[in-house]
Amino acid sequence: MRRLNSYETKSPWHLHRLELIKYYLTKKYEELERPLSIIDIGCGTGEVLSQLKDELYIKSVEGIEINTLGQQICRNKGLAVHPGDIENLPLLGKHYDVILCLDVFYDQTIDVYNSLINFKQFLNTNSIVIINSAALNIFSGVDDSLDDGKKIILE
């Protein structure tokens, strides 16, 4: 997990993905005309949240992470992180403008349908969900081996 955190800060793929996320968040900010609240489900080391938290169009960021080392790395970055996994989300009693779920659904043991249904508890009216998941094994990379995940096997 520590190696993943170091990789995410330098990887061209992660940096480009962050720019795409920022683009869509600014569009949502312009639409709502107010700063956004974000929850990142499966936030890992919190690098995306760390990069977003000080943007003018962001009101608040929080994460949910199953890995205790990932939780600690997030806390060391000053991020609010809740223990939990995508299939057993903690009941936070809050709603968010944006749900991020990045590089989580490649784990072939996850029930994607029920996980997405569980996202509803976090949605405000006019919320958006941003999901990133490699569709083909050819797109898997260094980060797939660094975050202790299981790759989807496509036949």
# chains A, B, ... in the order shown; residues from 1 in each chain; ligands from 1
call {"tool": "residues_around", "arguments": {"residues": "range 125-135 of chain A", "least_positions_apart": "6", "cutoff": "12 Å", "atoms": "only C-alpha atoms", "output": "NGL selection string"}}
result
:A and (13-14 or 17-18 or 20-25 or 27-29 or 31-32 or 36-43 or 95-108 or 112 or 116 or 119 or 141 or 143-144 or 151-155)
call {"tool": "write_last_selection", "arguments": {"atoms": "N, CA and C atoms", "output": "compact mmCIF listing (two decimals), in the first residue's frame"}}
result
# COMPACT_ATOMS: atom_id res chain seq x y z
N TRP A 13 -0.51 7.93 -15.66
CA TRP A 13 -1.90 7.49 -15.71
C TRP A 13 -2.70 8.13 -14.58
N HIS A 14 -2.18 8.07 -13.35
CA HIS A 14 -2.90 8.63 -12.21
C HIS A 14 -3.02 10.14 -12.32
N ARG A 17 -5.71 10.83 -14.94
CA ARG A 17 -7.02 10.52 -14.39
C ARG A 17 -7.48 11.61 -13.43
N LEU A 18 -6.55 12.12 -12.61
CA LEU A 18 -6.87 13.20 -11.69
C LEU A 18 -7.33 14.45 -12.44
N LEU A 20 -8.79 14.52 -15.37
CA LEU A 20 -10.14 14.24 -15.88
C LEU A 20 -11.19 14.39 -14.78
N ILE A 21 -10.88 13.88 -13.61
CA ILE A 21 -11.80 14.01 -12.48
C ILE A 21 -12.02 15.48 -12.15
N LYS A 22 -10.95 16.25 -12.10
CA LYS A 22 -11.07 17.69 -11.81
C LYS A 22 -11.94 18.38 -12.86
N TYR A 23 -11.80 18.00 -14.11
CA TYR A 23 -12.60 18.58 -15.18
C TYR A 23 -14.09 18.36 -14.90
N TYR A 24 -14.48 17.12 -14.59
CA TYR A 24 -15.89 16.82 -14.34
C TYR A 24 -16.39 17.46 -13.04
N LEU A 25 -15.52 17.57 -12.06
CA LEU A 25 -15.93 18.22 -10.81
C LEU A 25 -16.17 19.71 -11.01
N LYS A 27 -17.20 21.08 -13.75
CA LYS A 27 -18.49 21.16 -14.46
C LYS A 27 -19.66 21.00 -13.49
N LYS A 28 -19.54 20.07 -12.56
CA LYS A 28 -20.60 19.86 -11.56
C LYS A 28 -20.71 21.08 -10.64
N TYR A 29 -19.59 21.65 -10.26
CA TYR A 29 -19.57 22.86 -9.44
C TYR A 29 -20.30 24.01 -10.15
N GLU A 31 -22.57 23.72 -12.42
CA GLU A 31 -24.00 23.39 -12.50
C GLU A 31 -24.71 23.67 -11.18
N LEU A 32 -24.12 23.25 -10.07
CA LEU A 32 -24.76 23.39 -8.76
C LEU A 32 -24.56 24.79 -8.16
N LEU A 36 -18.52 21.40 -3.71
CA LEU A 36 -18.97 20.00 -3.72
C LEU A 36 -18.48 19.23 -2.50
N SER A 37 -19.31 18.30 -2.05
CA SER A 37 -18.91 17.33 -1.04
C SER A 37 -18.64 16.01 -1.76
N ILE A 38 -17.55 15.34 -1.37
CA ILE A 38 -17.11 14.13 -2.08
C ILE A 38 -16.89 13.00 -1.09
N ILE A 39 -17.33 11.81 -1.46
CA ILE A 39 -16.97 10.57 -0.75
C ILE A 39 -16.28 9.66 -1.76
N ASP A 40 -15.12 9.12 -1.38
CA ASP A 40 -14.37 8.20 -2.24
C ASP A 40 -14.48 6.82 -1.62
N ILE A 41 -15.21 5.93 -2.27
CA ILE A 41 -15.43 4.58 -1.77
C ILE A 41 -14.31 3.69 -2.29
N GLY A 42 -13.52 3.18 -1.37
CA GLY A 42 -12.31 2.44 -1.73
C GLY A 42 -11.18 3.40 -2.01
N CYS A 43 -10.99 4.35 -1.11
CA CYS A 43 -10.06 5.47 -1.36
C CYS A 43 -8.59 5.09 -1.30
N HIS A 95 -25.05 12.83 2.94
CA HIS A 95 -25.21 12.76 1.50
C HIS A 95 -24.13 13.60 0.85
N TYR A 96 -23.74 13.20 -0.36
CA TYR A 96 -22.62 13.83 -1.05
C TYR A 96 -23.03 14.21 -2.47
N ASP A 97 -22.32 15.19 -3.01
CA ASP A 97 -22.55 15.61 -4.39
C ASP A 97 -21.85 14.69 -5.38
N VAL A 98 -20.75 14.07 -4.91
CA VAL A 98 -19.93 13.24 -5.79
C VAL A 98 -19.51 11.98 -5.05
N ILE A 99 -19.68 10.85 -5.72
CA ILE A 99 -19.11 9.58 -5.25
C ILE A 99 -18.01 9.22 -6.22
N LEU A 100 -16.83 8.98 -5.69
CA LEU A 100 -15.73 8.44 -6.48
C LEU A 100 -15.58 6.96 -6.13
N CYS A 101 -15.33 6.15 -7.12
CA CYS A 101 -15.04 4.73 -6.90
C CYS A 101 -14.03 4.33 -7.97
N LEU A 102 -12.77 4.41 -7.61
CA LEU A 102 -11.69 4.28 -8.57
C LEU A 102 -10.91 2.98 -8.35
N ASP A 103 -10.81 2.18 -9.38
CA ASP A 103 -10.03 0.94 -9.33
C ASP A 103 -10.47 -0.01 -8.22
N VAL A 104 -11.78 -0.13 -8.03
CA VAL A 104 -12.30 -1.03 -7.00
C VAL A 104 -12.99 -2.23 -7.64
N PHE A 105 -13.75 -2.02 -8.70
CA PHE A 105 -14.59 -3.08 -9.26
C PHE A 105 -13.81 -4.15 -10.04
N TYR A 106 -12.51 -4.00 -10.20
CA TYR A 106 -11.76 -5.06 -10.88
C TYR A 106 -11.66 -6.31 -10.02
N ASP A 107 -11.91 -6.20 -8.72
CA ASP A 107 -11.88 -7.38 -7.84
C ASP A 107 -13.06 -8.26 -8.20
N GLN A 108 -12.78 -9.44 -8.74
CA GLN A 108 -13.83 -10.30 -9.27
C GLN A 108 -14.74 -10.88 -8.20
N VAL A 112 -21.04 -6.27 -7.98
CA VAL A 112 -21.10 -4.90 -8.51
C VAL A 112 -22.51 -4.33 -8.41
N LEU A 116 -23.44 -1.00 -6.21
CA LEU A 116 -23.99 0.24 -6.79
C LEU A 116 -25.31 0.62 -6.14
N PHE A 119 -24.75 2.50 -3.02
CA PHE A 119 -24.29 3.89 -3.18
C PHE A 119 -25.43 4.88 -2.92
N GLY A 141 -1.91 -2.47 -14.92
CA GLY A 141 -0.56 -1.91 -14.81
C GLY A 141 0.05 -2.14 -13.46
N ASP A 143 0.02 -0.41 -10.78
CA ASP A 143 -0.83 -0.18 -9.62
C ASP A 143 -1.71 -1.38 -9.29
N ASP A 144 -2.08 -2.19 -10.28
CA ASP A 144 -2.88 -3.38 -10.01
C ASP A 144 -2.13 -4.37 -9.13
N LYS A 151 -7.21 -9.10 -10.12
CA LYS A 151 -7.61 -8.66 -11.45
C LYS A 151 -8.75 -9.51 -11.97
N ILE A 152 -9.63 -8.88 -12.71
CA ILE A 152 -10.69 -9.62 -13.40
C ILE A 152 -10.04 -10.46 -14.49
N ILE A 153 -10.46 -11.66 -14.61
CA ILE A 153 -9.96 -12.52 -15.67
C ILE A 153 -11.00 -12.52 -16.78
N LEU A 154 -10.64 -11.95 -17.91
CA LEU A 154 -11.54 -11.88 -19.05
C LEU A 154 -11.23 -13.00 -20.01
N GLU A 155 -12.27 -13.69 -20.44
CA GLU A 155 -12.05 -14.79 -21.38
C GLU A 155 -12.63 -14.47 -22.72
call {"tool": "residues_around", "arguments": {"residues": "range 54-68 of chain A", "least_positions_apart": "3", "cutoff": "9 Å", "atoms": "only C-alpha atoms", "output": "number ranges by chain"}}
result
A: 1, 25-26, 29-30, 34-46, 49-51, 71-74, 79-86, 89-90
call {"tool": "write_last_selection", "arguments": {"atoms": "C-alpha atoms", "output": "mmCIF file, in the first residue's frame"}}
result
data_model
loop_
_atom_site.group_PDB
_atom_site.id
_atom_site.type_symbol
_atom_site.label_atom_id
_atom_site.label_comp_id
_atom_site.auth_asym_id
_atom_site.auth_seq_id
_atom_site.Cartn_x
_atom_site.Cartn_y
_atom_site.Cartn_z
ATOM 1 C CA MET A 1 0.000 0.000 0.000
ATOM 2 C CA LEU A 25 -15.927 18.216 -10.812
ATOM 3 C CA THR A 26 -15.579 21.787 -12.076
ATOM 4 C CA TYR A 29 -19.575 22.856 -9.439
ATOM 5 C CA GLU A 30 -20.675 25.227 -12.201
ATOM 6 C CA ARG A 34 -21.748 25.733 -4.816
ATOM 7 C CA PRO A 35 -18.726 23.801 -3.538
ATOM 8 C CA LEU A 36 -18.969 20.005 -3.717
ATOM 9 C CA SER A 37 -18.906 17.332 -1.042
ATOM 10 C CA ILE A 38 -17.112 14.130 -2.077
ATOM 11 C CA ILE A 39 -16.969 10.571 -0.751
ATOM 12 C CA ASP A 40 -14.369 8.201 -2.237
ATOM 13 C CA ILE A 41 -15.428 4.582 -1.768
ATOM 14 C CA GLY A 42 -12.314 2.436 -1.731
ATOM 15 C CA CYS A 43 -10.064 5.473 -1.362
ATOM 16 C CA GLY A 44 -6.865 3.443 -0.864
ATOM 17 C CA THR A 45 -4.110 5.792 0.250
ATOM 18 C CA GLY A 46 -6.294 8.872 -0.235
ATOM 19 C CA LEU A 49 -8.772 13.104 -2.072
ATOM 20 C CA SER A 50 -5.533 14.703 -0.922
ATOM 21 C CA GLN A 51 -5.112 16.339 -4.328
ATOM 22 C CA GLN A 71 -6.777 4.129 6.487
ATOM 23 C CA GLN A 72 -3.664 5.140 8.433
ATOM 24 C CA ILE A 73 -2.012 6.695 5.375
ATOM 25 C CA CYS A 74 -5.211 8.705 4.784
ATOM 26 C CA LEU A 79 -8.187 13.014 5.597
ATOM 27 C CA ALA A 80 -11.417 11.803 7.176
ATOM 28 C CA VAL A 81 -11.585 8.084 6.423
ATOM 29 C CA HIS A 82 -14.154 5.530 7.586
ATOM 30 C CA PRO A 83 -13.440 1.797 7.817
ATOM 31 C CA GLY A 84 -15.620 -0.240 5.515
ATOM 32 C CA ASP A 85 -15.760 -2.079 2.254
ATOM 33 C CA ILE A 86 -17.777 -1.563 -0.886
ATOM 34 C CA LEU A 89 -20.659 0.428 3.500
ATOM 35 C CA PRO A 90 -20.801 2.199 6.856
#
call {"tool": "select_by_dssp", "arguments": {"residues": "range 49-146 of chain A", "states": "strand (DSSP E)", "output": "ChimeraX atom specification"}}
result
/A:58-65,80-83,96-102,123-132
call {"tool": "write_last_selection", "arguments": {"atoms": "N, CA and C atoms", "output": "JSON list (two decimals), in the first residue's frame"}}
result
[["chain", "number", "residue", "atom", "x", "y", "z"],
["A", 58, "ILE", "N", -14.31, 22.59, -3.91],
["A", 58, "ILE", "CA", -14.55, 21.45, -3.03],
["A", 58, "ILE", "C", -14.87, 21.95, -1.61],
["A", 59, "LYS", "N", -15.99, 21.47, -1.08],
["A", 59, "LYS", "CA", -16.38, 21.82, 0.29],
["A", 59, "LYS", "C", -15.78, 20.82, 1.28],
["A", 60, "SER", "N", -15.90, 19.52, 0.97],
["A", 60, "SER", "CA", -15.41, 18.50, 1.89],
["A", 60, "SER", "C", -15.08, 17.22, 1.14],
["A", 61, "VAL", "N", -14.14, 16.46, 1.70],
["A", 61, "VAL", "CA", -13.78, 15.15, 1.15],
["A", 61, "VAL", "C", -13.72, 14.14, 2.30],
["A", 62, "GLU", "N", -14.20, 12.94, 2.02],
["A", 62, "GLU", "CA", -14.13, 11.84, 2.96],
["A", 62, "GLU", "C", -13.88, 10.56, 2.17],
["A", 63, "GLY", "N", -13.37, 9.55, 2.85],
["A", 63, "GLY", "CA", -13.13, 8.28, 2.19],
["A", 63, "GLY", "C", -13.64, 7.11, 3.01],
["A", 64, "ILE", "N", -13.80, 6.00, 2.32],
["A", 64, "ILE", "CA", -14.11, 4.72, 2.94],
["A", 64, "ILE", "C", -13.05, 3.75, 2.42],
["A", 65, "GLU", "N", -12.41, 3.03, 3.33],
["A", 65, "GLU", "CA", -11.33, 2.11, 2.95],
["A", 65, "GLU", "C", -11.34, 0.90, 3.86],
["A", 80, "ALA", "N", -10.40, 12.55, 6.44],
["A", 80, "ALA", "CA", -11.42, 11.80, 7.18],
["A", 80, "ALA", "C", -11.66, 10.50, 6.42],
["A", 81, "VAL", "N", -11.39, 9.39, 7.06],
["A", 81, "VAL", "CA", -11.58, 8.08, 6.42],
["A", 81, "VAL", "C", -12.36, 7.19, 7.37],
["A", 82, "HIS", "N", -13.31, 6.43, 6.81],
["A", 82, "HIS", "CA", -14.15, 5.53, 7.59],
["A", 82, "HIS", "C", -13.82, 4.10, 7.20],
["A", 83, "PRO", "N", -13.67, 3.20, 8.17],
["A", 83, "PRO", "CA", -13.44, 1.80, 7.82],
["A", 83, "PRO", "C", -14.70, 1.20, 7.20],
["A", 96, "TYR", "N", -23.74, 13.20, -0.36],
["A", 96, "TYR", "CA", -22.62, 13.83, -1.05],
["A", 96, "TYR", "C", -23.03, 14.21, -2.47],
["A", 97, "ASP", "N", -22.32, 15.19, -3.01],
["A", 97, "ASP", "CA", -22.55, 15.61, -4.39],
["A", 97, "ASP", "C", -21.85, 14.69, -5.38],
["A", 98, "VAL", "N", -20.75, 14.07, -4.91],
["A", 98, "VAL", "CA", -19.93, 13.24, -5.79],
["A", 98, "VAL", "C", -19.51, 11.98, -5.05],
["A", 99, "ILE", "N", -19.68, 10.85, -5.72],
["A", 99, "ILE", "CA", -19.11, 9.58, -5.25],
["A", 99, "ILE", "C", -18.01, 9.22, -6.22],
["A", 100, "LEU", "N", -16.83, 8.98, -5.69],
["A", 100, "LEU", "CA", -15.73, 8.44, -6.48],
["A", 100, "LEU", "C", -15.58, 6.96, -6.13],
["A", 101, "CYS", "N", -15.33, 6.15, -7.12],
["A", 101, "CYS", "CA", -15.04, 4.73, -6.90],
["A", 101, "CYS", "C", -14.03, 4.33, -7.97],
["A", 102, "LEU", "N", -12.77, 4.41, -7.61],
["A", 102, "LEU", "CA", -11.69, 4.28, -8.57],
["A", 102, "LEU", "C", -10.91, 2.98, -8.35],
["A", 123, "LEU", "N", -26.21, 9.56, -1.91],
["A", 123, "LEU", "CA", -26.50, 10.49, -3.00],
["A", 123, "LEU", "C", -27.39, 11.66, -2.60],
["A", 124, "ASN", "N", -26.96, 12.86, -2.94],
["A", 124, "ASN", "CA", -27.80, 14.05, -2.92],
["A", 124, "ASN", "C", -28.61, 14.06, -4.21],
["A", 125, "THR", "N", -29.60, 14.93, -4.30],
["A", 125, "THR", "CA", -30.25, 15.17, -5.57],
["A", 125, "THR", "C", -29.20, 15.76, -6.51],
["A", 126, "ASN", "N", -29.18, 15.32, -7.74],
["A", 126, "ASN", "CA", -28.21, 15.79, -8.75],
["A", 126, "ASN", "C", -26.77, 15.41, -8.45],
["A", 127, "SER", "N", -26.56, 14.33, -7.73],
["A", 127, "SER", "CA", -25.20, 13.83, -7.49],
["A", 127, "SER", "C", -24.66, 13.17, -8.74],
["A", 128, "ILE", "N", -23.35, 13.02, -8.77],
["A", 128, "ILE", "CA", -22.71, 12.24, -9.83],
["A", 128, "ILE", "C", -21.86, 11.15, -9.20],
["A", 129, "VAL", "N", -21.68, 10.08, -9.94],
["A", 129, "VAL", "CA", -20.82, 8.97, -9.53],
["A", 129, "VAL", "C", -19.75, 8.83, -10.61],
["A", 130, "ILE", "N", -18.50, 8.85, -10.19],
["A", 130, "ILE", "CA", -17.38, 8.67, -11.12],
["A", 130, "ILE", "C", -16.72, 7.35, -10.77],
["A", 131, "ILE", "N", -16.77, 6.43, -11.74],
["A", 131, "ILE", "CA", -16.20, 5.09, -11.56],
["A", 131, "ILE", "C", -15.10, 4.90, -12.59],
["A", 132, "ASN", "N", -13.99, 4.36, -12.13],
["A", 132, "ASN", "CA", -12.89, 4.01, -13.02],
["A", 132, "ASN", "C", -12.58, 2.54, -12.78]]
call {"tool": "atom_distance", "arguments": {"atom1": "CA of Ser115 in chain A", "atom2": "CA of Glu87 in chain A"}}
result
5.3 Å
call {"tool": "select_by_dssp", "arguments": {"residues": "chain A", "states": "alpha helix (DSSP H)", "output": "PyMOL selection string"}}
result
chain A and resi 2-8+12-32+47-52+68-76+112-118+142-146
call {"tool": "closest_residue", "arguments": {"among": "A:Glu47, A:Leu91, A:Glu33, A:Ile110", "to": "Leu15 in chain A", "atoms": "only C-alpha atoms"}}
result
A:Glu47
